[in-house]
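S.K.: Just one file: entry08.cif, with mmCIF, C-alpha atoms.
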data_run
#
loop_
_atom_site.label_atom_id
_atom_site.label_comp_id
_atom_site.auth_asym_id
_atom_site.auth_seq_id
_atom_site.Cartn_x
_atom_site.Cartn_y
_atom_site.Cartn_z
CA MET A 1471 181.60 63.65 163.85
CA ILE A 1472 182.64 60.06 163.06
CA THR A 1473 186.33 59.97 162.32
CA ARG A 1474 186.26 56.64 160.55
CA PRO A 1475 183.42 54.48 159.27
CA CYS A 1476 181.98 52.20 161.94
CA THR A 1477 182.12 49.25 159.56
CA THR A 1478 185.94 49.44 159.41
CA ILE A 1479 186.74 49.91 163.10
CA THR A 1480 189.14 47.16 164.11
CA ALA A 1481 191.09 48.81 166.93
CA PRO A 1482 189.60 49.13 170.39
CA TRP A 1483 187.53 52.28 170.66
CA VAL A 1484 185.83 54.51 173.18
CA LEU A 1485 182.71 56.59 172.71
CA CYS A 1486 183.17 60.02 174.31
CA ILE A 1487 179.89 61.91 174.74
CA ASP A 1488 180.90 65.39 175.86
CA ASP A 1489 180.07 68.89 174.64
CA ASP A 1490 183.60 70.12 175.44
CA SER A 1491 185.37 69.65 172.11
CA ASP A 1492 188.79 70.53 173.58
CA PHE A 1493 188.48 67.77 176.19
CA SER A 1494 187.35 65.12 173.71
CA PHE A 1495 190.03 66.12 171.20
CA GLY A 1496 192.74 65.87 173.88
CA LEU A 1497 191.40 62.48 174.94
CA LYS A 1498 191.41 61.31 171.33
CA GLN A 1499 195.03 62.42 170.85
CA ARG A 1500 196.18 60.82 174.11
CA LEU A 1501 194.45 57.47 173.59
CA ALA A 1502 195.69 57.28 169.99
CA GLU A 1503 199.17 56.82 171.46
CA TYR A 1504 197.90 53.52 172.89
CA GLY A 1505 196.11 52.35 169.75
CA VAL A 1506 192.65 53.26 171.03
CA ASP A 1507 190.33 55.25 168.78
CA VAL A 1508 187.84 57.75 170.19
CA LEU A 1509 184.51 58.43 168.56
CA ARG A 1510 183.37 61.88 169.64
CA ALA A 1511 179.76 62.98 170.13
CA PHE A 1512 178.98 66.53 171.23
CA ASP A 1513 175.47 66.17 172.65
CA GLY A 1514 173.40 63.50 174.33
CA MET A 1515 171.25 62.38 171.42
CA GLU A 1516 174.17 62.20 169.01
CA GLY A 1517 176.06 60.03 171.51
CA TYR A 1518 173.01 57.84 172.06
CA ARG A 1519 172.77 57.16 168.32
CA TYR A 1520 176.50 56.41 168.06
CA ALA A 1521 176.23 53.86 170.90
CA PHE A 1522 174.18 51.66 168.56
CA SER A 1523 176.39 52.00 165.46
CA SER A 1524 179.04 49.59 166.73
CA GLN A 1525 179.72 48.41 170.26
CA ALA A 1526 182.30 50.51 172.09
CA GLN A 1527 184.57 49.00 174.71
CA LEU A 1528 183.76 51.96 176.98
CA ILE A 1529 181.54 55.04 177.03
CA LEU A 1530 182.74 58.28 178.66
CA LEU A 1531 179.68 60.36 179.42
CA ASP A 1532 179.39 63.99 180.52
CA TYR A 1533 176.35 64.70 182.68
CA GLU A 1534 175.96 68.39 181.79
CA MET A 1535 175.32 68.72 178.04
CA PRO A 1536 172.75 70.02 175.62
CA ASN A 1537 170.19 67.90 173.83
CA GLY A 1538 169.94 65.04 176.31
CA ASN A 1539 171.73 65.29 179.64
CA GLY A 1540 174.00 62.47 180.77
CA GLU A 1541 171.64 61.03 183.36
CA TYR A 1542 168.91 60.59 180.75
CA VAL A 1543 171.31 59.13 178.15
CA LEU A 1544 172.77 56.69 180.68
CA ARG A 1545 169.34 55.52 181.80
CA ARG A 1546 168.28 54.93 178.20
CA LEU A 1547 171.50 53.02 177.37
CA LYS A 1548 171.13 50.82 180.47
CA GLU A 1549 167.49 50.00 179.55
CA ASN A 1550 168.42 48.67 176.11
CA PRO A 1551 169.78 45.10 175.83
CA VAL A 1552 172.09 46.14 172.97
CA THR A 1553 173.96 48.70 175.09
CA GLN A 1554 173.27 47.73 178.71
CA ASP A 1555 176.56 45.84 179.21
CA ILE A 1556 178.91 48.51 177.81
CA PRO A 1557 181.00 49.89 180.69
CA TRP A 1558 180.71 53.64 181.26
CA LEU A 1559 182.43 56.42 183.16
CA SER A 1560 180.97 59.78 184.00
#
Reformat the file's structure so that it appears as structure tokens.

M.R.:
Amino acid sequence: MITRPCTTITAPWVLCIDDDSDFSFGLKQRLAEYGVDVLRAFDGMEGYRYAFSSQAQLILLDYEMPNGNGEYVLRRLKENPVTQDIPWLS
């Protein structure tokens, strides 16, 4: 679910790829207090697609998820020149 169109993102933002919706919602609420937006993806392939929509300042990546585990998604992001330099946490 994209909370705002990628073409209008002006604030710093983080891509959170995690199938735990409670965790990603809490993260979104907490970082909003600091002016950081969180784009939430709930499975690996959805997160992979979002990584190319607009460059995030950081990607938070869960390793245990459906439809593309974190290790696979990370490897694919690091292989692509468009996304290889985005910092990530897992």

S.K.: Please provide as a PDB file with C-alpha atoms, in the frame of the given file all residues within 7 Å of stretch 1508-1521 of chain A, with the sequence filter that same-chain residues fewer than 5 positions apart are discarded (counting only C-alpha atoms).

M.R.:
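As a result, part03.pdb now contains:
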ATOM      1  CA  MET A1471     181.600  63.650 163.850  1.00  0.00           C
ATOM      2  CA  ILE A1472     182.640  60.060 163.060  1.00  0.00           C
ATOM      3  CA  THR A1473     186.330  59.970 162.320  1.00  0.00           C
ATOM      4  CA  TRP A1483     187.530  52.280 170.660  1.00  0.00           C
ATOM      5  CA  VAL A1484     185.830  54.510 173.180  1.00  0.00           C
ATOM      6  CA  LEU A1485     182.710  56.590 172.710  1.00  0.00           C
ATOM      7  CA  CYS A1486     183.170  60.020 174.310  1.00  0.00           C
ATOM      8  CA  ILE A1487     179.890  61.910 174.740  1.00  0.00           C
ATOM      9  CA  ASP A1488     180.900  65.390 175.860  1.00  0.00           C
ATOM     10  CA  ASP A1489     180.070  68.890 174.640  1.00  0.00           C
ATOM     11  CA  SER A1494     187.350  65.120 173.710  1.00  0.00           C
ATOM     12  CA  LYS A1498     191.410  61.310 171.330  1.00  0.00           C
ATOM     13  CA  MET A1535     175.320  68.720 178.040  1.00  0.00           C
ATOM     14  CA  PRO A1536     172.750  70.020 175.620  1.00  0.00           C
ATOM     15  CA  ASN A1537     170.190  67.900 173.830  1.00  0.00           C
ATOM     16  CA  GLY A1538     169.940  65.040 176.310  1.00  0.00           C
ATOM     17  CA  ASN A1539     171.730  65.290 179.640  1.00  0.00           C
ATOM     18  CA  GLY A1540     174.000  62.470 180.770  1.00  0.00           C
ATOM     19  CA  VAL A1543     171.310  59.130 178.150  1.00  0.00           C
TER      20      VAL A1543
END

S.K.: What would the list of residues within 12 Å of (186.6, 46.8, 176.7) (file frame) look like as a ChimeraX atom specification, if only C-alpha atoms are what count?

M.R.: /A:1481-1485,1506,1525-1529,1555-1558

S.K.: Take the residues that were just selected and, keeping C-alpha atoms, output them as a PDB file, in the coordinates of the input.

M.R.:
ATOM      1  CA  ALA A1481     191.090  48.810 166.930  1.00  0.00           C
ATOM      2  CA  PRO A1482     189.600  49.130 170.390  1.00  0.00           C
ATOM      3  CA  TRP A1483     187.530  52.280 170.660  1.00  0.00           C
ATOM      4  CA  VAL A1484     185.830  54.510 173.180  1.00  0.00           C
ATOM      5  CA  LEU A1485     182.710  56.590 172.710  1.00  0.00           C
ATOM      6  CA  VAL A1506     192.650  53.260 171.030  1.00  0.00           C
ATOM      7  CA  GLN A1525     179.720  48.410 170.260  1.00  0.00           C
ATOM      8  CA  ALA A1526     182.300  50.510 172.090  1.00  0.00           C
ATOM      9  CA  GLN A1527     184.570  49.000 174.710  1.00  0.00           C
ATOM     10  CA  LEU A1528     183.760  51.960 176.980  1.00  0.00           C
ATOM     11  CA  ILE A1529     181.540  55.040 177.030  1.00  0.00           C
ATOM     12  CA  ASP A1555     176.560  45.840 179.210  1.00  0.00           C
ATOM     13  CA  ILE A1556     178.910  48.510 177.810  1.00  0.00           C
ATOM     14  CA  PRO A1557     181.000  49.890 180.690  1.00  0.00           C
ATOM     15  CA  TRP A1558     180.710  53.640 181.260  1.00  0.00           C
TER      16      TRP A1558
END

S.K.: Nearest residue to A:Asp1532 out of A:Leu1544, A:Ala1502, A:Glu1549, A:Gly1496, using only C-alpha atoms?

M.R.: A:Leu1544

S.K.: Just how far from atom CA of A:Gln1499 is atom CA of A:Leu1531, in Å to one decimal?

M.R.: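 Atom CA of A:Gln1499 lies at a distance of 17.7 Å from atom CA of A:Leu1531.
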
S.K.: So the first atom is atom CA of A:Ser1524 and the second is atom CA of A:Glu1503; what is the distance between them in Å, to one decimal place?

M.R.: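 Between atom CA of A:Ser1524 and atom CA of A:Glu1503 the gap works out to 21.9 Å.
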
S.K.: Mind pulling up the distance from atom CA of A:Ser1491 to atom CA of A:Tyr1504?

M.R.: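 Atom-to-atom, atom CA of A:Tyr1504 to atom CA of A:Ser1491, that is 20.4 Å.
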
S.K.: Hey, which of A:Leu1547, A:Thr1553, A:Asp1492, A:Leu1559 ends up closest to A:Tyr1533? Count all atoms listed in the file.

M.R.: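 Closest residue, counting all atoms listed in the file: A:Leu1559.
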
S.K.: Kindly compute an axis-aligned box around the listed atoms of stretch 1508-1522 of chain A, allowing 6 Å on each side, and express its centre and edge lengths in Å to one decimal as AutoDock Vina command-line options.

M.R.:
--center_x 179.5 --center_y 59.1 --center_z 171.2 --size_x 28.6 --size_y 26.9 --size_z 18.3
